[in-house]
Every structure is written in C-alpha cells, then in structure tokens.
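Okay, so here's the structure we're looking at.
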Amino acid sequence: MDYYVKNFIPHGQLETPSSKSYAHRFLIVAFMNNKPVTIKDIVFSDDIKTTINALKVMGAKFKVGKDYVKFIKRKTVKAPLIIKVNESATTLRLLIPLASYIFGRVKFVGSKTLFSRPLDIYEEILTDQHVKYEKGEDFIEIFENFPLINYEIKGDISSQFASGLILLAAYSKKAFKVNVIPPFESYNYFEMTLHVLDLFGYQINKNKYCFTYSHKIENELTDFDVETDFSLLANFAVLSALRGNVSFKVDNIFSVQGDVEIFNILKSIGAKIEYPDNSVSIKRAEILKPFQVDIKNIIDLGPILFVLAALIPGKSTIKNARRLKMKESDRLKSMITELSKIGVKAKLIRDTVYIEGQESYKIDQVTFETYNDHRIAMALTILGMFIDGQVTVKDINCVTKSYPNFIKDLESLNKWN
C-alpha cells in the first residue's frame, strides 16, 4: 500500500508502542524458565509474531490475548525442527545457539534479505568446533548441538550475537565465558538481555566485557510489563520538536534502552522538553540548531536522525554510521538516495555523514521508496510532512515489522482531520 502524506501540525497525547526488543527477550526467557508467566503490553508486530511462532515450534504453549501473552509450559518436541524466522534478525540471532543446543538439528528459514545480513560470528564458532552446518541464501541448517565453550567474539557487528550466547549460558547453566572484544557497539541492547535474565532470576557475572553465568534465584514473579519503545517514539519526538506540541506516555524514562538518547539530541537542537508524571512533553524549538551525534550505540535512530538533520538549516554530522549498511536495507545508501530526491545534500566520508538541511522543501511531487525497511518508511513519512508538494511513500505496509499502528497513531495527532 502506498501512503499519501498529509501536512498538518501535530498536537495531543500519544501512547507509543512497547519495546519490540524487550518483548523478544521476555518471550525467549519465559520459554527458558518454563514456568507460567504473563507478559503484558505486547504489540504484535510481524517480528514478535515470528518469535512467538518460533518458540511454538520449539515446544512453547502460549495463550495469546489482545495485548498480552501468557506462557503456559514447554512441551517436549523432537528434532529435526524447521523454524521460520521471516525477516526477523533478532529471532534468528537470539535463537540459533539455544535451539541448536536443545534439539541438535534445526533449520532456520527466512527471507533472502535476512540471510544476507551477518551471521559470521556463529558460522566461525561452528566451523572452529567442527559442528556440521549448511548455509544457503535463505536458510541455515545446523546438524549438531551448539557447543558449550568459552567464546571470544567481535563486538562491532551486532550485540545480538553476545545476547544469543549469554541466553545459552543461562539455559544450560554452564559457566563458560562470553568475552566480547571491544568496541562493544549497541551494548545497551545486550544490557536489555541481562535485565530480562535478572528479572527471571538468572544471575550473570560481569568483568568489563566478559560475562559468565553464575546461578539462578527462584522468584515468585508471574507477570511483567514491556516498557516503551524509544526507537519508535523517536519518529514522533522529532516531528514534535520540529513542528507541534505532543506529549508521550512513557513508563521508564531511565530505561537502559540506548534510544532514550533521542531526548538529549532534541534538547541540543533547542527543543523544549519537560517530564511530567509518566510522560514526556516536546514543543517546537524556536531556533533550530545543527547537531553532531555519534550513533554507534543508537544505530536504530539513524534514519530519523537523517531526517532531523535534513530539516535543520546548516550542516549536521552523524558519526559511526557504518552499521546502517547491515540492517533491513543498506540504510546509508537508502536514506542518502531518498534525501537527494528533494535536493538534500548528504555526503558520506568514511563512516560519517554530513547533511546540509533547511526548514522545509518545495517540490511538485516526490515518491519515496521504502526498500521494505520499516524504519526507512517511518522516517520518510515524517520528512514528507515538511515538503510543499505531493508526497507518496511506497509500500508503507512494511512498518508492520515493528509498528503496525504507525499511520493510525500519526493521524491521531491531526486534530483537524
């Protein structure tokens, strides 16, 4: 479906969806823990449905409600298993060690786009330990149990590999080392994994970037709430900072999510930000100031920060953007290509992007491609609201990967609709 962008001044209050990254981890650790537990405030995005279905194949029994999932028990299933991971890199990377350790023979099947993204770290482990596996353009099949050894892995590709290995340690209750060679980029996402493990009683020892399973504490917790997703909220936060007055319901402003940094970035451009009870209020900056930001640990904010830079007069700088190439699309290439359609000057030098922006753009008509990338689609929709002309965002449906109600929530801020 194509979306024709409406131009309006946003106003009101918005309750943005809960964290997809946290939800993945709650579901997987509930499976590991194998005791009844309810996970509340879940948004059933495509990726979360993928993880639920993957865990069902692995033996999980769930009761699924409107906005919650109750894990009931884990039943015994026999290998070989075929697990569909569709477009979800998180599902694939978190489950490869766990599923192949438990079942011995597992085949993960997904899109060609997903399997073009890095799996090198797991492949190197399997190769070094002489574990038989086969990888094709849309699958990886592992024929033996994932090894329980001391691991030393690179930290500059994706934190999901470290998360997958520490989940294996907790499930197996083996005190092998997961040693991450710095720089450990997107470390905040790994912290989310440790946080969820801790909530379920799994204790992990930390020594700089070396992690080992310690022991498990039994607790009586039977339900958990999934907190706000700040990477998704960021799209509307940028919109409000540039035009409007919107407040957002949030449940943990001190979250370990790295993307909570969006508020500091918006303060730096001059936006007015206040924190009333359980919410954040953002008002338009009177004078917009260019910014410099390092996105090494907030890589998912990349697309919307490109848009923010394009809408501020002057030159903004986005550093450590290299890993944008390894997402659902090559987000570096995608964003620079789409911004050029309206005359934005964006230059990539090594892994730093320099963008010269202005407050608005005038063009008769423009059609933005989304590259089947949910974050590209959301960011370009926000950009479209600052273009004087007909703006079409192609294939907007890809936002269902993380935010099924994105358009509905956006239009709810149009009080004159």
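The chains in the structure tokens are called A, B, ... from first to last as shown; in each chain the residues are counted from 1, and the ligands are counted from 1 in the order shown.
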
Q: Name all residues at most 10 Å from His374 (chain A) (count only C-alpha atoms; drop same-chain ones fewer than 4 positions away) and give them as a PyMOL selection string.
A: chain A and resi 328-329+370+378-379+395-404

Go ahead and save the picked residues with all heavy atoms, as a short mmCIF file (atom, residue, chain, number, x, y, z; two decimals), in the first residue's frame.
```cif
data_model
loop_
_atom_site.label_atom_id
_atom_site.label_comp_id
_atom_site.auth_asym_id
_atom_site.auth_seq_id
_atom_site.Cartn_x
_atom_site.Cartn_y
_atom_site.Cartn_z
N GLU A 328 17.86 -3.93 7.63
CA GLU A 328 16.88 -4.48 6.69
C GLU A 328 17.15 -4.03 5.26
O GLU A 328 16.83 -4.73 4.29
CB GLU A 328 15.46 -4.09 7.10
CG GLU A 328 14.90 -4.88 8.26
CD GLU A 328 15.36 -4.42 9.63
OE1 GLU A 328 16.32 -3.62 9.72
OE2 GLU A 328 14.75 -4.85 10.62
N SER A 329 17.70 -2.84 5.11
CA SER A 329 18.26 -2.39 3.84
C SER A 329 19.61 -1.76 4.16
O SER A 329 19.99 -1.64 5.33
CB SER A 329 17.33 -1.36 3.17
OG SER A 329 17.35 -0.12 3.87
N THR A 370 10.75 2.70 0.07
CA THR A 370 10.99 2.28 1.46
C THR A 370 11.93 1.09 1.58
O THR A 370 12.35 0.75 2.69
CB THR A 370 9.66 1.93 2.15
OG1 THR A 370 8.99 0.91 1.39
CG2 THR A 370 8.75 3.15 2.25
N MET A 378 9.04 4.88 8.14
CA MET A 378 8.57 5.82 9.16
C MET A 378 9.28 7.15 9.06
O MET A 378 8.67 8.22 9.12
CB MET A 378 8.74 5.20 10.55
CG MET A 378 7.77 4.06 10.82
SD MET A 378 7.87 3.38 12.51
CE MET A 378 9.29 2.31 12.37
N ALA A 379 10.60 7.11 8.88
CA ALA A 379 11.37 8.35 8.81
C ALA A 379 10.97 9.19 7.61
O ALA A 379 10.80 10.43 7.72
CB ALA A 379 12.87 8.03 8.75
N ASP A 395 4.81 1.45 -0.45
CA ASP A 395 4.82 0.21 0.34
C ASP A 395 4.96 0.49 1.84
O ASP A 395 5.82 -0.08 2.53
CB ASP A 395 5.95 -0.70 -0.13
CG ASP A 395 5.81 -1.07 -1.60
OD1 ASP A 395 4.68 -1.28 -2.06
OD2 ASP A 395 6.85 -1.11 -2.30
N ILE A 396 4.08 1.33 2.36
CA ILE A 396 4.13 1.71 3.78
C ILE A 396 3.85 0.52 4.69
O ILE A 396 4.19 0.54 5.88
CB ILE A 396 3.13 2.86 4.05
CG1 ILE A 396 3.40 3.53 5.39
CG2 ILE A 396 1.69 2.34 4.00
CD1 ILE A 396 4.64 4.36 5.43
N ASN A 397 3.27 -0.55 4.14
CA ASN A 397 2.90 -1.71 4.97
C ASN A 397 4.09 -2.34 5.68
O ASN A 397 3.91 -3.07 6.66
CB ASN A 397 2.23 -2.79 4.10
CG ASN A 397 0.84 -2.38 3.67
OD1 ASN A 397 0.58 -1.20 3.49
ND2 ASN A 397 -0.05 -3.34 3.48
N CYS A 398 5.31 -2.07 5.22
CA CYS A 398 6.47 -2.67 5.86
C CYS A 398 6.63 -2.22 7.31
O CYS A 398 7.38 -2.84 8.07
CB CYS A 398 7.74 -2.39 5.07
SG CYS A 398 8.21 -0.65 4.95
N VAL A 399 5.91 -1.16 7.74
CA VAL A 399 6.01 -0.72 9.14
C VAL A 399 5.44 -1.76 10.09
O VAL A 399 5.72 -1.70 11.30
CB VAL A 399 5.32 0.65 9.37
CG1 VAL A 399 5.94 1.74 8.52
CG2 VAL A 399 3.81 0.57 9.14
N THR A 400 4.66 -2.71 9.57
CA THR A 400 4.09 -3.75 10.46
C THR A 400 5.19 -4.61 11.08
O THR A 400 4.92 -5.33 12.05
CB THR A 400 3.09 -4.65 9.71
OG1 THR A 400 3.77 -5.28 8.62
CG2 THR A 400 1.92 -3.84 9.18
N LYS A 401 6.39 -4.55 10.55
CA LYS A 401 7.50 -5.30 11.14
C LYS A 401 7.70 -4.92 12.60
O LYS A 401 8.02 -5.76 13.44
CB LYS A 401 8.78 -5.04 10.36
CG LYS A 401 10.02 -5.74 10.91
CD LYS A 401 11.23 -5.48 10.03
CE LYS A 401 12.50 -6.05 10.63
NZ LYS A 401 12.49 -7.53 10.71
N SER A 402 7.51 -3.62 12.91
CA SER A 402 7.73 -3.16 14.29
C SER A 402 6.57 -2.35 14.85
O SER A 402 6.38 -2.31 16.06
CB SER A 402 9.01 -2.31 14.37
OG SER A 402 8.90 -1.17 13.53
N TYR A 403 5.79 -1.68 13.97
CA TYR A 403 4.82 -0.68 14.46
C TYR A 403 3.56 -0.72 13.59
O TYR A 403 3.35 0.17 12.76
CB TYR A 403 5.47 0.70 14.42
CG TYR A 403 4.81 1.79 15.24
CD1 TYR A 403 5.50 2.97 15.52
CD2 TYR A 403 3.52 1.67 15.72
CE1 TYR A 403 4.92 3.99 16.26
CE2 TYR A 403 2.93 2.68 16.47
CZ TYR A 403 3.64 3.85 16.73
OH TYR A 403 3.06 4.86 17.47
N PRO A 404 2.70 -1.72 13.78
CA PRO A 404 1.52 -1.86 12.93
C PRO A 404 0.60 -0.65 12.92
O PRO A 404 -0.07 -0.39 11.92
CB PRO A 404 0.81 -3.09 13.53
CG PRO A 404 1.88 -3.83 14.24
CD PRO A 404 2.83 -2.81 14.77
#
```

Skipping near chain neighbours, those fewer than 2 positions away, what residues fall within 7 Å of Ser231 (chain A) using only C-alpha atoms, listed as a short mmCIF file (atom, residue, chain, number, x, y, z; two decimals) with all heavy atoms, in the first residue's frame?
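File out_28.cif, as written:
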```cif
data_model
loop_
_atom_site.label_atom_id
_atom_site.label_comp_id
_atom_site.auth_asym_id
_atom_site.auth_seq_id
_atom_site.Cartn_x
_atom_site.Cartn_y
_atom_site.Cartn_z
N ASP A 229 8.94 1.67 23.70
CA ASP A 229 10.00 1.54 22.70
C ASP A 229 10.44 2.93 22.26
O ASP A 229 9.73 3.62 21.53
CB ASP A 229 9.49 0.75 21.49
CG ASP A 229 10.61 0.36 20.54
OD1 ASP A 229 11.47 1.22 20.24
OD2 ASP A 229 10.62 -0.80 20.08
N LEU A 233 9.23 5.71 19.34
CA LEU A 233 8.79 7.02 19.81
C LEU A 233 9.59 8.14 19.15
O LEU A 233 9.06 9.24 18.91
CB LEU A 233 8.93 7.10 21.33
CG LEU A 233 8.48 8.36 22.05
CD1 LEU A 233 8.03 8.04 23.47
CD2 LEU A 233 9.58 9.43 22.11
N ALA A 234 10.85 7.87 18.81
CA ALA A 234 11.74 8.90 18.26
C ALA A 234 11.17 9.56 17.01
O ALA A 234 11.39 10.76 16.78
CB ALA A 234 13.11 8.29 17.96
N ASP A 259 18.21 4.21 22.94
CA ASP A 259 17.48 5.16 22.11
C ASP A 259 16.76 6.24 22.92
O ASP A 259 16.23 7.18 22.34
CB ASP A 259 16.50 4.42 21.22
CG ASP A 259 17.21 3.46 20.27
OD1 ASP A 259 18.27 3.86 19.74
OD2 ASP A 259 16.74 2.33 20.08
N ASP A 300 19.66 2.33 15.54
CA ASP A 300 18.29 2.32 15.02
C ASP A 300 17.70 3.72 14.88
O ASP A 300 16.69 3.89 14.20
CB ASP A 300 17.38 1.47 15.92
CG ASP A 300 17.61 -0.02 15.70
OD1 ASP A 300 18.17 -0.39 14.64
OD2 ASP A 300 17.22 -0.82 16.57
N LEU A 301 18.33 4.70 15.50
CA LEU A 301 17.87 6.08 15.34
C LEU A 301 18.39 6.70 14.04
O LEU A 301 17.99 7.81 13.68
CB LEU A 301 18.32 6.96 16.52
CG LEU A 301 17.72 6.65 17.88
CD1 LEU A 301 18.20 7.68 18.90
CD2 LEU A 301 16.19 6.65 17.83
#
```

Q: Could you give me, as a ChimeraX atom specification, the residues within 8 Å of Ser19 (chain A), counting only C-alpha atoms and dropping anything in the same chain fewer than 5 positions from it?
A: /A:42,226-230

Export C-alpha atoms of the chosen residues as a PDB file, in the first residue's frame?
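See again_10.pdb below for the written result:
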```pdb
ATOM      1  CA  ILE A  42       2.945  -6.538  23.910  1.00  0.00           C
ATOM      2  CA  VAL A 226       7.028  -4.429  28.483  1.00  0.00           C
ATOM      3  CA  GLU A 227       8.223  -0.825  28.575  1.00  0.00           C
ATOM      4  CA  THR A 228       8.019   1.916  25.922  1.00  0.00           C
ATOM      5  CA  ASP A 229       9.999   1.536  22.700  1.00  0.00           C
ATOM      6  CA  PHE A 230      12.071   4.706  22.426  1.00  0.00           C
TER       7      PHE A 230
END
```

Q: Report as number ranges by chain: the residues of region 164-297 of chain A with a DSSP assignment of helix (DSSP H, G or I), based on the backbone of this structure.
A: A: 164-172, 187-199, 230-242, 258-268

**Q.** Residue list (strand (DSSP E or B), DSSP) for region 36-223 of chain A, as a ChimeraX atom specification
**A.** /A:37-40,60-64,68-74,81-86,106-110,133-136,139-142,151-154,177-181,202-207,210-216,223

Q. Excluding same-chain residues fewer than 6 positions from Leu126 (chain A), what lies within 9 Å of it counting only C-alpha atoms, as a PyMOL selection string?
A. chain A and resi 132-133+142+146-147

Q. Which polymer residues have any atom within 7 Å of an atom of Ser186 (chain A), counting only C-alpha atoms, with same-chain residues fewer than 2 positions away left out, as a list of chain:residue names?
A.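 Listing them by chain and then by number gives A:Ser159, A:Phe184, A:Asn188, A:Tyr189, A:Lys296, A:Asn297, A:Ile298.
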
For the selection just defined, write its residues with N, CA and C atoms to a file, as a CSV table (one decimal), in the first residue's frame.
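Okay, selection-v6.csv is ready:
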```
chain,number,residue,atom,x,y,z
A,159,SER,N,25.2,-6.7,18.7
A,159,SER,CA,25.2,-7.2,20.1
A,159,SER,C,24.3,-8.4,20.2
A,184,PHE,N,32.3,-2.6,21.9
A,184,PHE,CA,31.0,-3.4,22.0
A,184,PHE,C,29.9,-2.4,21.7
A,188,ASN,N,23.8,-1.3,24.8
A,188,ASN,CA,22.5,-1.2,25.5
A,188,ASN,C,21.5,-2.3,25.3
A,189,TYR,N,21.6,-2.8,24.0
A,189,TYR,CA,20.7,-3.9,23.7
A,189,TYR,C,21.1,-5.2,24.5
A,296,LYS,N,26.9,5.1,17.2
A,296,LYS,CA,27.5,3.8,17.4
A,296,LYS,C,26.6,2.9,18.3
A,297,ASN,N,26.0,3.5,19.4
A,297,ASN,CA,25.2,2.7,20.3
A,297,ASN,C,23.7,3.0,20.1
A,298,ILE,N,23.3,3.8,19.1
A,298,ILE,CA,21.9,4.1,18.9
A,298,ILE,C,21.6,4.0,17.4
```

Q: For Lys66 (chain A), please output as a list of chain:residue names all residues within 12 Å (counting only C-alpha atoms; exclusion window: fewer than 3 positions along the same chain).
A: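 Answer for this query is A:Ile39, A:Lys40, A:Asp41, A:Ile42, A:Val43, A:Phe44, A:Lys63, A:Val69, A:Lys70.
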
Q | Who sits within 9 Å of Lys289 (chain A), only C-alpha atoms, same chain under 5 positions skipped, as a PyMOL selection string | A | chain A and resi 268-270+312-314+316
